[in-house]
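Colleague: Structure file final_14.cif (mmCIF, C-alpha atoms) is given on the next line.
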```cif
data_model
#
loop_
_atom_site.group_PDB
_atom_site.id
_atom_site.type_symbol
_atom_site.label_atom_id
_atom_site.label_comp_id
_atom_site.auth_asym_id
_atom_site.auth_seq_id
_atom_site.Cartn_x
_atom_site.Cartn_y
_atom_site.Cartn_z
ATOM 1 C CA HIS M 111 -10.494 -89.313 -25.612
ATOM 2 C CA ALA M 112 -8.755 -89.028 -28.968
ATOM 3 C CA LEU M 113 -5.436 -87.247 -28.722
ATOM 4 C CA ALA M 114 -4.759 -84.108 -30.761
ATOM 5 C CA ALA M 115 -1.854 -84.174 -33.237
ATOM 6 C CA GLY M 116 0.567 -82.421 -30.886
ATOM 7 C CA GLU M 117 -0.410 -84.664 -27.979
ATOM 8 C CA LEU M 118 0.036 -87.741 -30.168
ATOM 9 C CA ASP M 119 3.533 -86.666 -31.155
ATOM 10 C CA TYR M 120 4.505 -85.994 -27.537
ATOM 11 C CA ALA M 121 3.004 -89.306 -26.378
ATOM 12 C CA ALA M 122 4.819 -91.211 -29.140
ATOM 13 C CA ARG M 123 8.123 -89.656 -28.073
ATOM 14 C CA LEU M 124 7.499 -90.720 -24.476
ATOM 15 C CA VAL M 125 6.780 -94.277 -25.599
ATOM 16 C CA GLU M 126 9.984 -94.373 -27.660
ATOM 17 C CA GLN M 127 12.033 -93.127 -24.690
ATOM 18 C CA ASN M 128 10.589 -95.674 -22.257
ATOM 19 C CA ALA M 129 10.033 -98.692 -24.524
ATOM 20 C CA LEU M 130 13.388 -100.456 -24.176
ATOM 21 C CA PRO M 131 13.534 -100.215 -20.348
ATOM 22 C CA MET M 132 9.972 -101.574 -20.247
ATOM 23 C CA ILE M 133 10.917 -104.471 -22.546
ATOM 24 C CA LEU M 134 13.912 -105.293 -20.336
ATOM 25 C CA SER M 135 11.770 -105.230 -17.186
ATOM 26 C CA GLY M 136 9.007 -107.354 -18.755
ATOM 27 C CA GLU M 137 6.327 -104.628 -18.707
ATOM 28 C CA LEU M 138 5.077 -105.793 -22.102
ATOM 29 C CA THR M 139 1.321 -105.573 -21.519
ATOM 30 C CA THR M 140 1.643 -101.968 -20.330
ATOM 31 C CA LEU M 141 3.914 -101.106 -23.248
ATOM 32 C CA LEU M 142 1.514 -102.600 -25.803
ATOM 33 C CA GLY M 143 -1.313 -100.591 -24.229
ATOM 34 C CA TRP M 144 0.702 -97.398 -24.573
ATOM 35 C CA ILE M 145 1.651 -98.170 -28.167
ATOM 36 C CA GLU M 146 -1.946 -98.864 -29.147
ATOM 37 C CA LYS M 147 -2.860 -95.327 -28.080
ATOM 38 C CA VAL M 148 -0.266 -93.835 -30.480
ATOM 39 C CA GLU M 149 -0.210 -96.593 -33.110
ATOM 40 C CA ILE M 150 -1.257 -94.188 -35.861
ATOM 41 C CA GLN M 151 2.155 -92.500 -35.391
ATOM 42 C CA ALA M 152 4.036 -95.724 -36.171
ATOM 43 C CA THR M 153 3.782 -95.205 -39.936
ATOM 44 C CA ASP M 154 6.019 -92.115 -39.589
ATOM 45 C CA ARG M 155 8.227 -93.206 -36.685
ATOM 46 C CA PRO M 156 10.688 -96.052 -37.345
ATOM 47 C CA TRP M 157 11.726 -96.364 -33.695
ATOM 48 C CA LEU M 158 8.139 -96.629 -32.504
ATOM 49 C CA SER M 159 7.561 -99.405 -35.045
ATOM 50 C CA ILE M 160 10.755 -101.198 -33.971
ATOM 51 C CA PHE M 161 9.828 -101.186 -30.293
ATOM 52 C CA TYR M 162 6.302 -102.273 -31.213
ATOM 53 C CA ALA M 163 7.808 -105.231 -33.087
ATOM 54 C CA TRP M 164 9.971 -106.155 -30.078
ATOM 55 C CA ALA M 165 6.922 -106.106 -27.806
ATOM 56 C CA LEU M 166 5.015 -108.295 -30.263
ATOM 57 C CA VAL M 167 7.885 -110.807 -30.475
ATOM 58 C CA HIS M 168 8.130 -111.077 -26.700
ATOM 59 C CA THR M 169 4.383 -111.660 -26.357
ATOM 60 C CA GLY M 170 4.344 -114.520 -28.870
ATOM 61 C CA GLN M 171 2.979 -112.505 -31.813
ATOM 62 C CA GLN M 172 5.727 -113.418 -34.278
ATOM 63 C CA ASP M 173 3.625 -113.152 -37.440
ATOM 64 C CA ASN M 174 2.489 -109.624 -36.549
ATOM 65 C CA ALA M 175 6.056 -108.635 -35.677
ATOM 66 C CA GLU M 176 7.273 -109.930 -39.033
ATOM 67 C CA VAL M 177 4.635 -107.925 -40.915
ATOM 68 C CA LEU M 178 5.683 -104.816 -39.017
ATOM 69 C CA VAL M 179 9.432 -105.138 -39.668
ATOM 70 C CA ASP M 180 8.625 -105.777 -43.342
ATOM 71 C CA LYS M 181 6.809 -102.411 -43.368
ATOM 72 C CA VAL M 182 9.745 -100.703 -41.683
ATOM 73 C CA GLU M 183 12.144 -102.024 -44.339
ATOM 74 C CA GLN M 184 9.828 -101.252 -47.258
ATOM 75 C CA SER M 185 8.711 -97.744 -46.347
ATOM 76 C CA ILE M 186 8.959 -96.485 -42.745
ATOM 77 C CA LEU M 187 12.777 -96.649 -42.650
ATOM 78 C CA ARG M 188 12.831 -93.721 -45.127
ATOM 79 C CA MET M 189 11.610 -91.513 -42.261
ATOM 80 C CA ALA M 190 14.652 -92.318 -40.109
ATOM 81 C CA VAL M 191 17.480 -89.943 -39.307
ATOM 82 C CA PRO M 192 20.346 -91.129 -41.580
ATOM 83 C CA GLY M 193 22.610 -91.832 -38.605
ATOM 84 C CA ASP M 194 19.991 -94.183 -37.142
ATOM 85 C CA VAL M 195 19.536 -96.390 -40.222
ATOM 86 C CA LYS M 196 22.292 -98.917 -39.459
ATOM 87 C CA GLU M 197 21.169 -99.268 -35.836
ATOM 88 C CA ILE M 198 17.549 -99.752 -36.878
ATOM 89 C CA ASN M 199 18.654 -102.399 -39.375
ATOM 90 C CA GLY M 200 20.502 -104.091 -36.515
ATOM 91 C CA HIS M 201 17.270 -104.179 -34.522
ATOM 92 C CA ILE M 202 15.444 -105.599 -37.540
ATOM 93 C CA SER M 203 17.987 -108.421 -37.925
ATOM 94 C CA ALA M 204 17.786 -109.156 -34.190
ATOM 95 C CA ILE M 205 13.973 -109.271 -34.325
ATOM 96 C CA ARG M 206 14.047 -111.536 -37.392
ATOM 97 C CA ALA M 207 16.579 -113.785 -35.605
ATOM 98 C CA GLN M 208 14.228 -114.048 -32.636
ATOM 99 C CA ILE M 209 11.323 -114.932 -34.945
ATOM 100 C CA ALA M 210 13.439 -117.624 -36.655
ATOM 101 C CA ALA M 211 14.363 -119.078 -33.263
ATOM 102 C CA TYR M 212 10.702 -119.256 -32.215
ATOM 103 C CA ARG M 213 10.048 -121.142 -35.455
ATOM 104 C CA TRP M 214 12.874 -123.596 -34.660
ATOM 105 C CA ASP M 215 14.805 -122.398 -37.719
ATOM 106 C CA GLY M 216 18.273 -122.622 -36.193
ATOM 107 C CA ILE M 217 20.280 -121.895 -39.339
ATOM 108 C CA ASN M 218 18.495 -118.615 -40.100
ATOM 109 C CA ALA M 219 18.471 -117.628 -36.425
ATOM 110 C CA ILE M 220 22.265 -117.911 -36.349
ATOM 111 C CA LYS M 221 22.704 -116.023 -39.628
ATOM 112 C CA LEU M 222 20.336 -113.205 -38.673
ATOM 113 C CA GLY M 223 21.715 -112.956 -35.140
ATOM 114 C CA GLN M 224 25.244 -112.565 -36.486
ATOM 115 C CA GLN M 225 24.019 -109.933 -38.959
ATOM 116 C CA ALA M 226 22.471 -108.044 -36.047
ATOM 117 C CA LEU M 227 25.771 -108.087 -34.152
ATOM 118 C CA GLU M 228 27.573 -106.667 -37.193
ATOM 119 C CA LYS M 229 25.112 -103.766 -37.486
ATOM 120 C CA LEU M 230 24.369 -102.882 -33.846
ATOM 121 C CA SER M 231 26.675 -100.420 -32.128
ATOM 122 C CA GLU M 232 29.066 -101.903 -29.551
ATOM 123 C CA SER M 233 27.439 -99.738 -26.879
ATOM 124 C CA ASN M 234 23.963 -101.162 -27.470
ATOM 125 C CA LEU M 235 24.379 -103.924 -24.897
ATOM 126 C CA PRO M 236 20.669 -104.628 -24.262
ATOM 127 C CA VAL M 237 19.853 -105.473 -27.889
ATOM 128 C CA ARG M 238 23.246 -107.107 -28.533
ATOM 129 C CA SER M 239 22.514 -109.414 -25.588
ATOM 130 C CA PHE M 240 19.252 -110.511 -27.245
ATOM 131 C CA ALA M 241 21.129 -111.278 -30.480
ATOM 132 C CA VAL M 242 23.912 -113.216 -28.729
ATOM 133 C CA LEU M 243 21.331 -115.242 -26.789
ATOM 134 C CA VAL M 244 19.498 -116.145 -30.000
ATOM 135 C CA VAL M 245 22.713 -117.309 -31.679
ATOM 136 C CA GLY M 246 23.655 -119.360 -28.616
ATOM 137 C CA SER M 247 20.180 -120.883 -28.388
ATOM 138 C CA ALA M 248 20.189 -121.776 -32.092
ATOM 139 C CA LEU M 249 23.638 -123.373 -31.820
ATOM 140 C CA PHE M 250 22.298 -125.438 -28.920
ATOM 141 C CA LEU M 251 19.282 -126.354 -31.049
ATOM 142 C CA ILE M 252 21.454 -127.743 -33.862
ATOM 143 C CA GLY M 253 23.713 -129.597 -31.438
ATOM 144 C CA ASN M 254 26.862 -127.432 -31.542
ATOM 145 C CA LEU M 255 27.334 -127.439 -27.769
ATOM 146 C CA GLU M 256 30.870 -126.010 -27.719
ATOM 147 C CA SER M 257 29.942 -122.872 -29.677
ATOM 148 C CA ALA M 258 26.580 -122.654 -27.892
ATOM 149 C CA THR M 259 28.369 -122.597 -24.525
ATOM 150 C CA ARG M 260 30.631 -119.777 -25.684
ATOM 151 C CA PHE M 261 27.751 -117.624 -26.976
ATOM 152 C CA LEU M 262 25.508 -118.319 -23.988
ATOM 153 C CA ALA M 263 28.282 -117.392 -21.556
ATOM 154 C CA GLU M 264 28.738 -114.132 -23.490
ATOM 155 C CA ALA M 265 24.961 -113.538 -23.458
ATOM 156 C CA ARG M 266 24.979 -113.990 -19.688
ATOM 157 C CA ARG M 267 27.878 -111.543 -19.301
ATOM 158 C CA ILE M 268 26.343 -108.876 -21.565
ATOM 159 C CA GLY M 269 22.860 -109.417 -20.150
ATOM 160 C CA LYS M 270 24.124 -108.765 -16.620
ATOM 161 C CA ALA M 271 26.105 -105.713 -17.738
ATOM 162 C CA ALA M 272 23.074 -104.285 -19.554
ATOM 163 C CA GLY M 273 20.583 -105.045 -16.788
ATOM 164 C CA ASN M 274 18.809 -107.373 -19.231
ATOM 165 C CA TYR M 275 17.857 -110.068 -16.739
ATOM 166 C CA HIS M 276 15.588 -111.749 -19.275
ATOM 167 C CA VAL M 277 18.711 -112.642 -21.269
ATOM 168 C CA ALA M 278 20.948 -113.211 -18.238
ATOM 169 C CA VAL M 279 18.537 -115.716 -16.673
ATOM 170 C CA LEU M 280 17.672 -117.600 -19.870
ATOM 171 C CA SER M 281 21.310 -117.909 -20.958
ATOM 172 C CA THR M 282 22.334 -119.146 -17.502
ATOM 173 C CA PHE M 283 19.496 -121.679 -17.476
ATOM 174 C CA MET M 284 20.531 -122.958 -20.918
ATOM 175 C CA LEU M 285 24.169 -123.225 -19.808
ATOM 176 C CA ALA M 286 22.964 -125.392 -16.935
ATOM 177 C CA ASN M 287 21.061 -127.582 -19.408
ATOM 178 C CA ILE M 288 24.229 -128.082 -21.457
ATOM 179 C CA GLN M 289 26.224 -128.946 -18.336
ATOM 180 C CA ALA M 290 23.573 -131.487 -17.324
ATOM 181 C CA ASP M 291 23.622 -133.023 -20.824
ATOM 182 C CA GLN M 292 27.396 -133.339 -20.528
ATOM 183 C CA GLY M 293 27.086 -135.149 -17.204
ATOM 184 C CA LYS M 294 28.489 -132.228 -15.187
ATOM 185 C CA LEU M 295 25.707 -132.525 -12.638
ATOM 186 C CA HIS M 296 27.275 -130.643 -9.713
ATOM 187 C CA GLN M 297 28.239 -127.751 -12.011
ATOM 188 C CA ALA M 298 24.751 -127.784 -13.536
ATOM 189 C CA GLU M 299 23.176 -127.613 -10.071
ATOM 190 C CA GLU M 300 25.260 -124.546 -9.215
ATOM 191 C CA THR M 301 24.358 -122.893 -12.515
ATOM 192 C CA TYR M 302 20.623 -123.608 -12.066
ATOM 193 C CA ARG M 303 20.898 -122.053 -8.595
ATOM 194 C CA GLU M 304 22.561 -118.971 -10.105
ATOM 195 C CA ALA M 305 19.752 -118.633 -12.672
ATOM 196 C CA LEU M 306 17.092 -118.856 -9.960
ATOM 197 C CA GLN M 307 18.910 -116.296 -7.820
ATOM 198 C CA MET M 308 19.065 -113.850 -10.746
ATOM 199 C CA ALA M 309 15.352 -114.418 -11.433
ATOM 200 C CA THR M 310 14.394 -113.434 -7.868
ATOM 201 C CA ASN M 311 14.139 -109.821 -6.777
ATOM 202 C CA PRO M 312 15.220 -108.588 -3.317
ATOM 203 C CA THR M 313 11.692 -109.098 -1.933
ATOM 204 C CA GLY M 314 11.776 -112.792 -2.867
ATOM 205 C CA GLN M 315 9.408 -112.487 -5.805
ATOM 206 C CA HIS M 316 10.242 -114.167 -9.109
ATOM 207 C CA LEU M 317 10.797 -111.941 -12.138
ATOM 208 C CA PRO M 318 8.569 -112.680 -15.189
ATOM 209 C CA VAL M 319 11.403 -114.576 -16.900
ATOM 210 C CA ALA M 320 11.393 -117.170 -14.093
ATOM 211 C CA SER M 321 8.137 -118.585 -15.436
ATOM 212 C CA ARG M 322 9.681 -119.375 -18.831
#
```
As a first step, turn the structure in this file into structure tokens.
Modeller:
Amino acid sequence: HALAAGELDYAARLVEQNALPMILSGELTTLLGWIEKVEIQATDRPWLSIFYAWALVHTGQQDNAEVLVDKVEQSILRMAVPGDVKEINGHISAIRAQIAAYRWDGINAIKLGQQALEKLSESNLPVRSFAVLVVGSALFLIGNLESATRFLAEARRIGKAAGNYHVAVLSTFMLANIQADQGKLHQAEETYREALQMATNPTGQHLPVASR
């Protein structure tokens, strides 16, 4: 049934509170289902729009995510609490960096990822880890293996600290790829094993990121 205005507001708040943990745990289909029920609220709620854009990016809907962050910048951001504006802009840069990386645009991915790191608060480890991973991946893409290794190692560290196993596993896997390319085969084998161990829960099941 259609939700009343008060119910919509309450439901939107619940989505905002739970969105980032759901993104980190890979519950993207569930999150998108929740957001669709309160989507009408997104035009007045910058954070709801931001988390919607993250969910779209991580489900391969880059064009839709780009349209949404454009709307946030052009109009929805005016609804934000002033103290949240810089952090929201950090999210926007991180989302745009992710979109650039998916489009194999390494130069813009690096630039946008670094912009995100300048804007995001130091305590926002989950989103900072996404930005660091994108920069590291883009550096790998353009062949700067030394800098890529440094950023990917940092992404792994922050990802673990933040409980962002999506980032921790992908960065570790990419570090192993670099080691293999450099002929460090024994080290690469150990690093691949570490990535697989992180991508497996205590019951022996693979986390969603393991299929990437």
Colleague: For the file shown, what are the residues hit by the PyMOL selection byres ((chain M and resi 160) around 12), laid out as a PyMOL selection string?
Modeller: chain M and resi 125-126+129-130+133+145+149+152-159+161-167+175-183+186-187+190+195+197-206+237
Colleague: Excluding Leu134 of chain M and its own-chain neighbours fewer than 3 positions away, which residues fall within 9 Å of it when counting all atoms listed in the file? Please give them as an MDAnalysis selection string.
Modeller: chainID M and resid 129:131 137 236 273:277
Colleague: Give the answer as one residue: which of M:Val244, M:Ala122, M:Ala211, M:Ala263 has the shortest atom-to-atom distance to Gln224 of chain M, using only C-alpha atoms?
Modeller: M:Val244
Colleague: May I ask which of the residues M:Ala207, M:Ile217, M:Ile288, M:Asp194 is the closest one to Leu243 of chain M, counting all atoms listed in the file?
Modeller: M:Ala207
Colleague: I'd like the interatomic distance between atom CA of Tyr302 of chain M and atom CA of Phe283 of chain M, to a tenth of an Å.
Modeller: 5.9 Å
Colleague: Could you jot down the atom CA of Gly223 of chain M to atom CA of Ala241 of chain M separation for me, Å, one decimal place?
Modeller: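 Value for the atom CA of Gly223 of chain M-atom CA of Ala241 of chain M distance: 5.0 Å.
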Colleague: Please write the residues picked by the PyMOL selection byres ((chain M and resi 252) around 12) on this file as an MDAnalysis selection string.
Modeller: chainID M and resid 211 214:220 245:251 253:258
Colleague: Between M:Arg213, M:Arg238, M:Lys196, M:Arg188, which one has atoms that come closest to Ala272 of chain M, using only C-alpha atoms?
Modeller: M:Arg238
Colleague: Grab the atom CA of Glu232 of chain M to atom CA of Phe261 of chain M distance for me, in Å with one decimal place.
Modeller: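 Rounded to one decimal, the two atoms are 16.0 Å apart.
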Colleague: With all heavy atoms as the goal, would you fill in the gaps in segment 233-244 of chain M and present it as a PDB file, keeping the file's coordinate frame?
Modeller:
```
ATOM      1  N   SER M 233      27.989-100.247 -28.139  1.00  0.00           N
ATOM      2  CA  SER M 233      27.439 -99.738 -26.879  1.00  0.00           C
ATOM      3  C   SER M 233      26.001-100.187 -26.620  1.00  0.00           C
ATOM      4  O   SER M 233      25.490-100.025 -25.509  1.00  0.00           O
ATOM      5  CB  SER M 233      27.503 -98.215 -26.862  1.00  0.00           C
ATOM      6  OG  SER M 233      26.723 -97.673 -27.918  1.00  0.00           O
ATOM      7  N   ASN M 234      25.362-100.758 -27.624  1.00  0.00           N
ATOM      8  CA  ASN M 234      23.963-101.162 -27.470  1.00  0.00           C
ATOM      9  C   ASN M 234      23.892-102.553 -26.834  1.00  0.00           C
ATOM     10  O   ASN M 234      23.481-103.533 -27.458  1.00  0.00           O
ATOM     11  CB  ASN M 234      23.254-101.147 -28.830  1.00  0.00           C
ATOM     12  CG  ASN M 234      21.751-101.297 -28.690  1.00  0.00           C
ATOM     13  OD1 ASN M 234      21.233-101.612 -27.625  1.00  0.00           O
ATOM     14  ND2 ASN M 234      21.035-101.064 -29.784  1.00  0.00           N
ATOM     15  N   LEU M 235      24.303-102.629 -25.578  1.00  0.00           N
ATOM     16  CA  LEU M 235      24.379-103.924 -24.897  1.00  0.00           C
ATOM     17  C   LEU M 235      23.025-104.623 -24.747  1.00  0.00           C
ATOM     18  O   LEU M 235      22.957-105.850 -24.909  1.00  0.00           O
ATOM     19  CB  LEU M 235      25.045-103.759 -23.526  1.00  0.00           C
ATOM     20  CG  LEU M 235      26.508-103.319 -23.531  1.00  0.00           C
ATOM     21  CD1 LEU M 235      27.042-103.267 -22.100  1.00  0.00           C
ATOM     22  CD2 LEU M 235      27.356-104.269 -24.371  1.00  0.00           C
ATOM     23  N   PRO M 236      21.938-103.910 -24.433  1.00  0.00           N
ATOM     24  CA  PRO M 236      20.669-104.628 -24.262  1.00  0.00           C
ATOM     25  C   PRO M 236      20.249-105.418 -25.501  1.00  0.00           C
ATOM     26  O   PRO M 236      19.889-106.598 -25.399  1.00  0.00           O
ATOM     27  CB  PRO M 236      19.661-103.509 -23.950  1.00  0.00           C
ATOM     28  CG  PRO M 236      20.482-102.424 -23.345  1.00  0.00           C
ATOM     29  CD  PRO M 236      21.788-102.472 -24.095  1.00  0.00           C
ATOM     30  N   VAL M 237      20.307-104.795 -26.677  1.00  0.00           N
ATOM     31  CA  VAL M 237      19.853-105.473 -27.889  1.00  0.00           C
ATOM     32  C   VAL M 237      20.903-106.477 -28.365  1.00  0.00           C
ATOM     33  O   VAL M 237      20.562-107.564 -28.855  1.00  0.00           O
ATOM     34  CB  VAL M 237      19.491-104.456 -28.989  1.00  0.00           C
ATOM     35  CG1 VAL M 237      19.013-105.166 -30.255  1.00  0.00           C
ATOM     36  CG2 VAL M 237      18.390-103.520 -28.488  1.00  0.00           C
ATOM     37  N   ARG M 238      22.198-106.152 -28.199  1.00  0.00           N
ATOM     38  CA  ARG M 238      23.246-107.107 -28.533  1.00  0.00           C
ATOM     39  C   ARG M 238      23.082-108.388 -27.696  1.00  0.00           C
ATOM     40  O   ARG M 238      23.296-109.492 -28.184  1.00  0.00           O
ATOM     41  CB  ARG M 238      24.639-106.508 -28.304  1.00  0.00           C
ATOM     42  CG  ARG M 238      25.012-105.424 -29.301  1.00  0.00           C
ATOM     43  CD  ARG M 238      26.446-104.932 -29.092  1.00  0.00           C
ATOM     44  NE  ARG M 238      27.416-105.953 -29.497  1.00  0.00           N
ATOM     45  CZ  ARG M 238      27.846-106.112 -30.735  1.00  0.00           C
ATOM     46  NH1 ARG M 238      27.385-105.332 -31.721  1.00  0.00           N
ATOM     47  NH2 ARG M 238      28.729-107.034 -31.013  1.00  0.00           N
ATOM     48  N   SER M 239      22.682-108.228 -26.437  1.00  0.00           N
ATOM     49  CA  SER M 239      22.514-109.414 -25.588  1.00  0.00           C
ATOM     50  C   SER M 239      21.400-110.311 -26.109  1.00  0.00           C
ATOM     51  O   SER M 239      21.514-111.543 -26.071  1.00  0.00           O
ATOM     52  CB  SER M 239      22.260-109.004 -24.133  1.00  0.00           C
ATOM     53  OG  SER M 239      21.018-108.361 -23.966  1.00  0.00           O
ATOM     54  N   PHE M 240      20.315-109.706 -26.631  1.00  0.00           N
ATOM     55  CA  PHE M 240      19.252-110.511 -27.245  1.00  0.00           C
ATOM     56  C   PHE M 240      19.800-111.301 -28.434  1.00  0.00           C
ATOM     57  O   PHE M 240      19.509-112.493 -28.596  1.00  0.00           O
ATOM     58  CB  PHE M 240      18.098-109.620 -27.732  1.00  0.00           C
ATOM     59  CG  PHE M 240      17.149-109.168 -26.664  1.00  0.00           C
ATOM     60  CD1 PHE M 240      16.879-107.825 -26.474  1.00  0.00           C
ATOM     61  CD2 PHE M 240      16.497-110.088 -25.856  1.00  0.00           C
ATOM     62  CE1 PHE M 240      15.993-107.401 -25.500  1.00  0.00           C
ATOM     63  CE2 PHE M 240      15.600-109.682 -24.866  1.00  0.00           C
ATOM     64  CZ  PHE M 240      15.355-108.329 -24.693  1.00  0.00           C
ATOM     65  N   ALA M 241      20.592-110.630 -29.277  1.00  0.00           N
ATOM     66  CA  ALA M 241      21.129-111.278 -30.480  1.00  0.00           C
ATOM     67  C   ALA M 241      22.091-112.411 -30.121  1.00  0.00           C
ATOM     68  O   ALA M 241      22.046-113.489 -30.724  1.00  0.00           O
ATOM     69  CB  ALA M 241      21.819-110.245 -31.371  1.00  0.00           C
ATOM     70  N   VAL M 242      22.967-112.179 -29.142  1.00  0.00           N
ATOM     71  CA  VAL M 242      23.912-113.216 -28.729  1.00  0.00           C
ATOM     72  C   VAL M 242      23.171-114.414 -28.142  1.00  0.00           C
ATOM     73  O   VAL M 242      23.520-115.568 -28.408  1.00  0.00           O
ATOM     74  CB  VAL M 242      24.932-112.649 -27.713  1.00  0.00           C
ATOM     75  CG1 VAL M 242      25.858-113.752 -27.204  1.00  0.00           C
ATOM     76  CG2 VAL M 242      25.766-111.546 -28.345  1.00  0.00           C
ATOM     77  N   LEU M 243      22.126-114.149 -27.352  1.00  0.00           N
ATOM     78  CA  LEU M 243      21.331-115.242 -26.789  1.00  0.00           C
ATOM     79  C   LEU M 243      20.686-116.080 -27.885  1.00  0.00           C
ATOM     80  O   LEU M 243      20.682-117.317 -27.820  1.00  0.00           O
ATOM     81  CB  LEU M 243      20.239-114.679 -25.863  1.00  0.00           C
ATOM     82  CG  LEU M 243      19.236-115.705 -25.324  1.00  0.00           C
ATOM     83  CD1 LEU M 243      19.923-116.756 -24.456  1.00  0.00           C
ATOM     84  CD2 LEU M 243      18.122-115.010 -24.549  1.00  0.00           C
ATOM     85  N   VAL M 244      20.146-115.422 -28.910  1.00  0.00           N
ATOM     86  CA  VAL M 244      19.498-116.145 -30.000  1.00  0.00           C
ATOM     87  C   VAL M 244      20.506-117.031 -30.723  1.00  0.00           C
ATOM     88  O   VAL M 244      20.221-118.201 -31.017  1.00  0.00           O
ATOM     89  CB  VAL M 244      18.821-115.172 -30.993  1.00  0.00           C
ATOM     90  CG1 VAL M 244      18.422-115.895 -32.265  1.00  0.00           C
ATOM     91  CG2 VAL M 244      17.594-114.543 -30.359  1.00  0.00           C
TER      92      VAL M 244
END
```
